[in-house]
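Some notes on the structure that comes next.
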Amino acid sequence: MTIRLKSLILPISFAAAIAIPATAGAEVVKMAFIDPLSGSFAPVGENMLRSWQYIADLANKQKWAGDNTFDIVGFDNKGSPQESLVQLKAAIDQGYRYVIQGNGSGVALALIDAINKYNERNPGKEVIYLNHAAVDPDLTNSKCSFWHFRVDANSDMKMEAMTSYMAKDPNIKKVYLINQNYAFGHSVQRAAREYLRRKRPDIQIVGDDLHPIGQVKDFSPYIAKIKASGADTVITGNWGADLALLIKAAKDSDLKTNLYTYYAVTTGTPTAMGSAGVDRVKFVGYWNPNNQGFVGKDIVEGFKKKYNDDYYTMATYTGMKMLGQAIKETKSTDPVKVAFAMEGMKVQSLNGEVEMRKADHQLQQPLYITTWTKVNGKDVKYDQENTGYGWKTNQVLDTHISAQPTSCQMKRPSK
């Protein structure tokens with residue numbers, strides 16, 4: 001049975017946390033989910049924890065890791081890099097050797113550094129880090145690590161897909177950028193300017209704002225600036241409450257611009273959009289439940305039935321597929337053997353065949369451009385947050401279109 005915990009230190013014995021015998025030769029692989037489970041970003045963190053747990057249960061039933069099973073437990077980092085390091089130490093002290101995180105590239109950078117140092121000092125007790133949503137490109141470039149695997153697309157990959165789609169729209173002439181003031185927001189800002197200049201040099205950037213993450217309660221002053229700029233399109237990497245509040249302010253001010261987003265699918269944002277976002281809010285991501293053939297519908301419907309919530313972090317499926325396959329192939333839960341097995345691995349995920357690129361541990365996968373619209377029971381079958389609105393697939397871009405070069409100089413341990 002999986003448990004979601006919000007306490008700082010988990011009341012579980014060290015011996016029990018390492019590996020609990022299930023059947024002869026089998027282990028329970030304990031995984032520590034380190035993300036916000038309190039504060040303004042808690043709804044997103046809680047949804048993602050449930051998503052990991054739901055797919056872990058599926059993996060256990062279908063024996064993705066053979067007779068080994070998974071148990072995923074939540075550690076609340078409150079969205080803070082410093083608190084994340086406290087939680088990482090707590091998890092390691094209790095025997096966890098698999099860590100999951102995604103909400104915040106600042107947190108991810110801190111975790112990579114800490115895990116690198118820990119693994120170097122503790123051979124035989126290494127830790128693997130699965131990253132499901134922290135998308136700063138540096139994490140698989142200058143900061144790349146053998147112990148880190150990103151199952152999301154990085155922000156440059158998403159911007160490559162987004163601007164390839166935008167470049168074909170002659171109605172886009174003036175773009176406004178608004179992003180959170182931290183590593184990820186900076187990467188979105190930089191890539192938007194660079195890629196639009198390369199693909200559509202005629203497009204003007206008429207505004208560019210960076211705001212404190214998780215601190216702005218009223219975005220109406222920003223919306224007023226966007227209106228005054230004459231922008232016809234907004235690009236934002238905002239997520240969680242920062243995106244929901246931005247869209248709420250846009251709706252209240254009757255802003256008519258199109259909004260290109262990275263995270264409009266995340267908890268709270270669909271409700272904030274409602275009918276006001278129809279045909280104007282777009283999302284770039286690695287999957288859409290309203291895909292051709294509705295691949296993954298059993299998971300979407302099962303998750304909704306169990307939690308009355310929406311399954312949107314499909315990286316959880318990819319991550320568990322790869323981890324399960326690596327454990328099954330190596331007949332081991334040892335992180336070193338599992339990490340080597342995951343390098344270059346290809347699996348069939350809900351968005352087609354994906355590959356964990358060996359050079360930098362960045363997953364290569366197709367990307368989707370979608371538009372918020374009314375459910376019609378045909379190509380838009382699944383809504384979000386019981387709004388009656390969902391995402392229509394505009395285009396699926398093949399893996400090679402968004403692929404990016406890497407500067408990673410991977411340092412590998414001996415096998």
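Here's how to read the names in the structure tokens: chain A, B, ... by the order shown, residue numbers from 1 in each chain, ligand numbers from 1 in the order shown.
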
Could you give me, as JSON lines, every range 157-276 of chain A residue with an atom at most 8 Å from range 363-372 of chain A, plus its closest atom pair and distance in Å to one decimal, counting only C-alpha atoms, rows ordered by chain then number?
```
{"residue": "A:Lys158", "atom": "CA", "partner": "A:Leu367", "partner_atom": "CA", "distance": 7.4}
{"residue": "A:Ala161", "atom": "CA", "partner": "A:Leu367", "partner_atom": "CA", "distance": 6.9}
{"residue": "A:Met162", "atom": "CA", "partner": "A:Ile369", "partner_atom": "CA", "distance": 7.1}
{"residue": "A:Tyr165", "atom": "CA", "partner": "A:Ile369", "partner_atom": "CA", "distance": 7.7}
```

Emit the selected residues as a CSV table (one decimal), in the first residue's frame, including all heavy atoms.
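Result file is selection.csv:
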```csv
chain,number,residue,atom,x,y,z
A,158,LYS,N,10.7,22.0,-26.1
A,158,LYS,CA,9.3,22.5,-26.2
A,158,LYS,C,9.2,23.8,-27.0
A,158,LYS,O,8.3,24.0,-27.7
A,158,LYS,CB,8.7,22.6,-24.8
A,158,LYS,CG,8.6,21.3,-24.1
A,158,LYS,CD,7.9,21.4,-22.7
A,158,LYS,CE,7.8,20.1,-22.0
A,158,LYS,NZ,7.2,20.2,-20.7
A,161,ALA,N,9.4,23.1,-30.7
A,161,ALA,CA,8.1,22.6,-31.2
A,161,ALA,C,7.1,23.8,-31.3
A,161,ALA,O,6.5,24.0,-32.3
A,161,ALA,CB,7.6,21.5,-30.3
A,162,MET,N,7.1,24.6,-30.2
A,162,MET,CA,6.1,25.7,-30.2
A,162,MET,C,6.3,26.7,-31.3
A,162,MET,O,5.4,27.1,-32.0
A,162,MET,CB,6.2,26.4,-28.8
A,162,MET,CG,5.2,27.5,-28.6
A,162,MET,SD,5.5,28.4,-27.1
A,162,MET,CE,4.9,27.3,-25.8
A,165,TYR,N,5.5,25.6,-34.8
A,165,TYR,CA,4.1,25.7,-35.1
A,165,TYR,C,3.7,27.2,-35.3
A,165,TYR,O,3.0,27.5,-36.2
A,165,TYR,CB,3.3,25.1,-33.9
A,165,TYR,CG,1.8,25.2,-34.0
A,165,TYR,CD1,1.2,24.2,-34.8
A,165,TYR,CD2,1.1,26.2,-33.5
A,165,TYR,CE1,-0.2,24.2,-34.9
A,165,TYR,CE2,-0.3,26.2,-33.6
A,165,TYR,CZ,-1.0,25.2,-34.4
A,165,TYR,OH,-2.3,25.2,-34.5
```

>> Which residues are close to Tyr286 in chain A, i.e. within 12 Å by only C-alpha atoms, leaving aside same-chain residues fewer than 6 positions away? Reply as an MDAnalysis selection string.
In response: chainID A and resid 132:133 151:155 157:158 161:162 262:263 265 312:318 349:354 363:370 393 395:399 402

>> Under the rule that only C-alpha atoms are counted, which of A:Glu343, A:Asp383, A:Asp169, A:Asp209 is the nearest residue to Gly237 in chain A?
In response: A:Asp209

> A:Ala167, A:Leu246, A:Val175, A:Met342: which is nearest Arg200 in chain A, counting only C-alpha atoms?
Replying inline: A:Ala167

> Out of range 25-202 of chain A, which residues get alpha helix (DSSP H) from DSSP, as a PyMOL selection string?
Replying inline: chain A and resi 42-62+81-93+105-121+155-166+183-199

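Shortest separation to Gly293 in chain A among A:Ala26, A:Ile223, A:Ala359, A:Val380 occurs at residue A:Val380, atoms counted being only C-alpha atoms.
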
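Considering the residues A:Val28, A:Ala42, A:Ile72, A:Ile34 and counting only C-alpha atoms, Ser84 in chain A has its shortest atom-to-atom contact with A:Ile34.
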
> Which neighbours of Ile55 in chain A fall inside 12 Å, counting only C-alpha atoms, when residues of the same chain fewer than 6 positions from it are skipped, and could you give them as a PyMOL selection string?
Replying inline: chain A and resi 2+48-49+61-64+69-72+296+298-300+302-303+311+313-321+323-324

> Skipping near chain neighbours, those fewer than 4 positions away, what residues fall within 8 Å of Asp208 in chain A using only C-alpha atoms, listed as a ChimeraX atom specification?
Replying inline: /A:176-178,189

>> Residues near Phe294 in chain A, anyone? I mean within 9 Å using only C-alpha atoms, not counting same-chain ones fewer than 4 positions away, as an NGL selection string.
In response: :A and (288-290 or 379 or 381)

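If you count only C-alpha atoms and ignore residues fewer than 4 places along the chain from Asn386 in chain A, what sits within 10 Å of it is Pro270, Thr271, Gly274, Asn308, Asp309, Asp310, Tyr382 and Gly390 of chain A.
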
Residues as selected, all heavy atoms, written as a PDB file, in the first residue's frame, can you do that?
```pdb
ATOM      1  N   PRO A 270      -7.037  24.775 -15.619  1.00  0.00           N
ATOM      2  CA  PRO A 270      -8.240  24.581 -16.432  1.00  0.00           C
ATOM      3  C   PRO A 270      -9.470  25.262 -15.847  1.00  0.00           C
ATOM      4  O   PRO A 270     -10.264  25.874 -16.576  1.00  0.00           O
ATOM      5  CB  PRO A 270      -8.395  23.052 -16.460  1.00  0.00           C
ATOM      6  CG  PRO A 270      -6.995  22.547 -16.347  1.00  0.00           C
ATOM      7  CD  PRO A 270      -6.345  23.487 -15.364  1.00  0.00           C
ATOM      8  N   THR A 271      -9.639  25.182 -14.531  1.00  0.00           N
ATOM      9  CA  THR A 271     -10.778  25.841 -13.893  1.00  0.00           C
ATOM     10  C   THR A 271     -10.684  27.351 -14.041  1.00  0.00           C
ATOM     11  O   THR A 271     -11.686  28.037 -14.284  1.00  0.00           O
ATOM     12  CB  THR A 271     -10.847  25.455 -12.405  1.00  0.00           C
ATOM     13  OG1 THR A 271     -11.056  24.037 -12.297  1.00  0.00           O
ATOM     14  CG2 THR A 271     -11.976  26.179 -11.696  1.00  0.00           C
ATOM     15  N   GLY A 274     -11.709  28.109 -17.899  1.00  0.00           N
ATOM     16  CA  GLY A 274     -13.110  27.924 -18.277  1.00  0.00           C
ATOM     17  C   GLY A 274     -13.340  28.249 -19.734  1.00  0.00           C
ATOM     18  O   GLY A 274     -12.495  28.015 -20.599  1.00  0.00           O
ATOM     19  N   ASN A 308     -10.993  11.257  -8.639  1.00  0.00           N
ATOM     20  CA  ASN A 308     -11.774  12.400  -9.145  1.00  0.00           C
ATOM     21  C   ASN A 308     -10.824  13.529  -9.532  1.00  0.00           C
ATOM     22  O   ASN A 308     -11.018  14.696  -9.196  1.00  0.00           O
ATOM     23  CB  ASN A 308     -12.803  12.899  -8.126  1.00  0.00           C
ATOM     24  CG  ASN A 308     -13.776  13.893  -8.740  1.00  0.00           C
ATOM     25  OD1 ASN A 308     -14.076  13.825  -9.939  1.00  0.00           O
ATOM     26  ND2 ASN A 308     -14.274  14.817  -7.937  1.00  0.00           N
ATOM     27  N   ASP A 309      -9.786  13.164 -10.255  1.00  0.00           N
ATOM     28  CA  ASP A 309      -8.740  14.094 -10.666  1.00  0.00           C
ATOM     29  C   ASP A 309      -8.270  13.689 -12.063  1.00  0.00           C
ATOM     30  O   ASP A 309      -8.629  12.619 -12.549  1.00  0.00           O
ATOM     31  CB  ASP A 309      -7.573  14.041  -9.667  1.00  0.00           C
ATOM     32  CG  ASP A 309      -6.687  15.279  -9.717  1.00  0.00           C
ATOM     33  OD1 ASP A 309      -6.914  16.153 -10.573  1.00  0.00           O
ATOM     34  OD2 ASP A 309      -5.750  15.353  -8.896  1.00  0.00           O
ATOM     35  N   ASP A 310      -7.489  14.555 -12.689  1.00  0.00           N
ATOM     36  CA  ASP A 310      -7.061  14.310 -14.072  1.00  0.00           C
ATOM     37  C   ASP A 310      -5.628  13.802 -14.134  1.00  0.00           C
ATOM     38  O   ASP A 310      -4.739  14.340 -13.466  1.00  0.00           O
ATOM     39  CB  ASP A 310      -7.177  15.609 -14.890  1.00  0.00           C
ATOM     40  CG  ASP A 310      -8.588  16.155 -14.892  1.00  0.00           C
ATOM     41  OD1 ASP A 310      -9.521  15.376 -15.156  1.00  0.00           O
ATOM     42  OD2 ASP A 310      -8.759  17.366 -14.622  1.00  0.00           O
ATOM     43  N   TYR A 382     -12.090  13.865 -23.564  1.00  0.00           N
ATOM     44  CA  TYR A 382     -11.816  14.036 -22.138  1.00  0.00           C
ATOM     45  C   TYR A 382     -11.644  15.502 -21.783  1.00  0.00           C
ATOM     46  O   TYR A 382     -10.880  16.226 -22.420  1.00  0.00           O
ATOM     47  CB  TYR A 382     -10.551  13.261 -21.760  1.00  0.00           C
ATOM     48  CG  TYR A 382     -10.697  11.774 -21.969  1.00  0.00           C
ATOM     49  CD1 TYR A 382     -10.018  11.136 -23.012  1.00  0.00           C
ATOM     50  CD2 TYR A 382     -11.536  11.013 -21.169  1.00  0.00           C
ATOM     51  CE1 TYR A 382     -10.168   9.773 -23.220  1.00  0.00           C
ATOM     52  CE2 TYR A 382     -11.694   9.649 -21.369  1.00  0.00           C
ATOM     53  CZ  TYR A 382     -11.009   9.036 -22.398  1.00  0.00           C
ATOM     54  OH  TYR A 382     -11.162   7.700 -22.615  1.00  0.00           O
ATOM     55  N   GLY A 390     -11.597  20.666 -22.893  1.00  0.00           N
ATOM     56  CA  GLY A 390     -10.386  19.856 -22.909  1.00  0.00           C
ATOM     57  C   GLY A 390      -9.469  20.310 -24.025  1.00  0.00           C
ATOM     58  O   GLY A 390      -9.648  21.384 -24.607  1.00  0.00           O
TER      59      GLY A 390
END
```

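Here CA of Leu37 in chain A and CA of His211 in chain A stand 22.7 Å from one another.
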
> Pick from A:Val281, A:Ala276, A:Ala65, A:Val29: nearest to Gln325 in chain A, with only C-alpha atoms counted?
Replying inline: A:Ala65

>> For the strand (DSSP E) assignment from backbone DSSP, which residues of range 6-244 of chain A qualify? Please present them as a ChimeraX atom specification.
In response: /A:20-21,27-35,69-76,98-101,128-131,148-150,174-180,204-211,233-236

With N, CA and C atoms retained, could you export that selection as a compact mmCIF listing (two decimals), in the first residue's frame?
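Here's the written file result-v2.txt:
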```
# COMPACT_ATOMS: atom_id res chain seq x y z
N ILE A 20 11.92 -4.62 1.16
CA ILE A 20 11.07 -5.52 1.92
C ILE A 20 10.84 -6.77 1.09
N PRO A 21 11.20 -7.95 1.60
CA PRO A 21 10.98 -9.16 0.82
C PRO A 21 9.52 -9.33 0.46
N GLU A 27 12.01 -7.82 -4.39
CA GLU A 27 12.12 -6.71 -3.46
C GLU A 27 11.02 -5.70 -3.70
N VAL A 28 10.69 -4.94 -2.67
CA VAL A 28 9.86 -3.75 -2.82
C VAL A 28 10.82 -2.57 -2.99
N VAL A 29 10.78 -1.95 -4.14
CA VAL A 29 11.67 -0.83 -4.43
C VAL A 29 11.01 0.45 -3.91
N LYS A 30 11.62 1.04 -2.89
CA LYS A 30 11.06 2.24 -2.28
C LYS A 30 11.55 3.48 -3.02
N MET A 31 10.62 4.35 -3.40
CA MET A 31 10.95 5.55 -4.16
C MET A 31 10.44 6.79 -3.42
N ALA A 32 11.31 7.78 -3.26
CA ALA A 32 10.99 9.00 -2.53
C ALA A 32 10.61 10.11 -3.50
N PHE A 33 9.37 10.58 -3.41
CA PHE A 33 8.87 11.68 -4.23
C PHE A 33 9.09 12.97 -3.45
N ILE A 34 10.01 13.82 -3.94
CA ILE A 34 10.38 15.06 -3.24
C ILE A 34 9.86 16.25 -4.04
N ASP A 35 8.72 16.77 -3.64
CA ASP A 35 8.07 17.88 -4.36
C ASP A 35 7.12 18.59 -3.40
N THR A 69 8.42 -5.12 -6.86
CA THR A 69 7.31 -4.17 -6.86
C THR A 69 7.81 -2.80 -6.40
N PHE A 70 6.99 -1.77 -6.67
CA PHE A 70 7.35 -0.39 -6.35
C PHE A 70 6.43 0.17 -5.27
N ASP A 71 6.99 1.01 -4.42
CA ASP A 71 6.20 1.74 -3.42
C ASP A 71 6.73 3.18 -3.39
N ILE A 72 5.86 4.13 -3.67
CA ILE A 72 6.27 5.53 -3.80
C ILE A 72 5.68 6.35 -2.65
N VAL A 73 6.54 7.08 -1.96
CA VAL A 73 6.16 7.82 -0.76
C VAL A 73 6.51 9.30 -0.93
N GLY A 74 5.63 10.18 -0.47
CA GLY A 74 5.82 11.61 -0.63
C GLY A 74 6.63 12.25 0.48
N PHE A 75 7.57 13.09 0.10
CA PHE A 75 8.36 13.92 1.03
C PHE A 75 8.10 15.38 0.63
N ASP A 76 7.56 16.18 1.54
CA ASP A 76 7.19 17.55 1.22
C ASP A 76 8.42 18.48 1.27
N TYR A 98 16.03 5.54 -4.76
CA TYR A 98 15.42 6.09 -5.97
C TYR A 98 14.63 7.34 -5.56
N VAL A 99 14.96 8.46 -6.22
CA VAL A 99 14.36 9.75 -5.90
C VAL A 99 13.62 10.27 -7.12
N ILE A 100 12.44 10.85 -6.90
CA ILE A 100 11.63 11.45 -7.97
C ILE A 100 11.43 12.92 -7.63
N GLN A 101 11.59 13.80 -8.61
CA GLN A 101 11.31 15.23 -8.41
C GLN A 101 11.02 15.86 -9.76
N ILE A 128 19.60 7.01 -7.58
CA ILE A 128 19.17 7.46 -8.92
C ILE A 128 18.09 8.53 -8.76
N TYR A 129 18.11 9.51 -9.65
CA TYR A 129 17.16 10.63 -9.63
C TYR A 129 16.38 10.63 -10.94
N LEU A 130 15.07 10.41 -10.84
CA LEU A 130 14.17 10.50 -12.00
C LEU A 130 13.49 11.87 -11.98
N ASN A 131 13.66 12.62 -13.04
CA ASN A 131 13.14 13.99 -13.16
C ASN A 131 11.97 13.98 -14.13
N HIS A 148 21.15 11.17 -13.09
CA HIS A 148 19.93 11.92 -13.38
C HIS A 148 19.35 11.52 -14.72
N PHE A 149 18.06 11.23 -14.75
CA PHE A 149 17.36 10.88 -15.98
C PHE A 149 16.11 11.76 -16.10
N ARG A 150 16.02 12.52 -17.20
CA ARG A 150 14.84 13.39 -17.39
C ARG A 150 13.86 12.72 -18.35
N LYS A 174 3.13 40.30 -32.96
CA LYS A 174 3.68 40.92 -31.75
C LYS A 174 3.53 39.96 -30.57
N VAL A 175 4.66 39.63 -29.93
CA VAL A 175 4.67 38.64 -28.85
C VAL A 175 5.14 39.28 -27.55
N TYR A 176 4.46 38.91 -26.48
CA TYR A 176 4.83 39.36 -25.12
C TYR A 176 5.28 38.15 -24.32
N LEU A 177 6.39 38.25 -23.61
CA LEU A 177 6.91 37.16 -22.79
C LEU A 177 6.69 37.47 -21.32
N ILE A 178 6.18 36.51 -20.57
CA ILE A 178 6.06 36.66 -19.12
C ILE A 178 6.39 35.32 -18.48
N ASN A 179 7.36 35.35 -17.56
CA ASN A 179 7.87 34.12 -16.97
C ASN A 179 8.27 34.31 -15.51
N GLN A 180 8.37 33.19 -14.80
CA GLN A 180 8.82 33.21 -13.41
C GLN A 180 10.33 33.47 -13.36
N GLN A 204 7.79 40.90 -33.61
CA GLN A 204 8.34 41.81 -32.61
C GLN A 204 8.11 41.24 -31.21
N ILE A 205 9.12 41.34 -30.35
CA ILE A 205 8.93 41.08 -28.92
C ILE A 205 8.58 42.42 -28.29
N VAL A 206 7.33 42.60 -27.89
CA VAL A 206 6.86 43.91 -27.44
C VAL A 206 6.82 44.05 -25.92
N GLY A 207 7.21 43.00 -25.22
CA GLY A 207 7.27 43.05 -23.76
C GLY A 207 7.93 41.81 -23.21
N ASP A 208 8.57 41.94 -22.05
CA ASP A 208 9.31 40.82 -21.49
C ASP A 208 9.40 41.01 -19.98
N ASP A 209 8.59 40.25 -19.24
CA ASP A 209 8.56 40.39 -17.78
C ASP A 209 9.01 39.10 -17.10
N LEU A 210 9.78 39.27 -16.03
CA LEU A 210 10.11 38.19 -15.10
C LEU A 210 9.55 38.59 -13.73
N HIS A 211 8.80 37.70 -13.10
CA HIS A 211 8.20 38.01 -11.80
C HIS A 211 8.61 36.97 -10.76
N THR A 233 -0.04 37.86 -29.09
CA THR A 233 0.31 36.54 -28.56
C THR A 233 1.17 36.69 -27.32
N VAL A 234 0.92 35.82 -26.33
CA VAL A 234 1.73 35.76 -25.12
C VAL A 234 2.37 34.38 -25.03
N ILE A 235 3.64 34.33 -24.66
CA ILE A 235 4.33 33.07 -24.37
C ILE A 235 4.70 33.07 -22.89
N THR A 236 4.33 32.00 -22.18
CA THR A 236 4.67 31.90 -20.77
C THR A 236 5.03 30.47 -20.38
```

> Between A:Asp67, A:Leu139, A:Arg121, A:Asn47, which has the minimum distance to Lys331 in chain A (counting only C-alpha atoms)?
Replying inline: A:Asp67

> Which residues come within 6 Å of Asn141 in chain A, counting only C-alpha atoms, excluding same-chain residues fewer than 4 positions away, as a PyMOL selection string?
Replying inline: chain A and resi 406-408

Saved selection, atoms kept: all heavy atoms, as a PDB file, in the first residue's frame:
```pdb
ATOM      1  N   THR A 406      23.561  18.493 -27.396  1.00  0.00           N
ATOM      2  CA  THR A 406      23.912  18.562 -25.982  1.00  0.00           C
ATOM      3  C   THR A 406      25.401  18.834 -25.808  1.00  0.00           C
ATOM      4  O   THR A 406      26.223  18.388 -26.613  1.00  0.00           O
ATOM      5  CB  THR A 406      23.538  17.259 -25.250  1.00  0.00           C
ATOM      6  OG1 THR A 406      23.871  17.388 -23.870  1.00  0.00           O
ATOM      7  CG2 THR A 406      24.262  16.039 -25.843  1.00  0.00           C
ATOM      8  N   SER A 407      25.715  19.549 -24.758  1.00  0.00           N
ATOM      9  CA  SER A 407      27.118  19.825 -24.412  1.00  0.00           C
ATOM     10  C   SER A 407      27.582  18.937 -23.261  1.00  0.00           C
ATOM     11  O   SER A 407      28.669  19.116 -22.729  1.00  0.00           O
ATOM     12  CB  SER A 407      27.283  21.298 -24.009  1.00  0.00           C
ATOM     13  OG  SER A 407      26.500  21.590 -22.864  1.00  0.00           O
ATOM     14  N   CYS A 408      26.744  17.960 -22.899  1.00  0.00           N
ATOM     15  CA  CYS A 408      27.031  17.094 -21.758  1.00  0.00           C
ATOM     16  C   CYS A 408      28.343  16.337 -21.920  1.00  0.00           C
ATOM     17  O   CYS A 408      28.608  15.757 -22.981  1.00  0.00           O
ATOM     18  CB  CYS A 408      25.886  16.105 -21.568  1.00  0.00           C
ATOM     19  SG  CYS A 408      26.178  14.856 -20.298  1.00  0.00           S
TER      20      CYS A 408
END
```
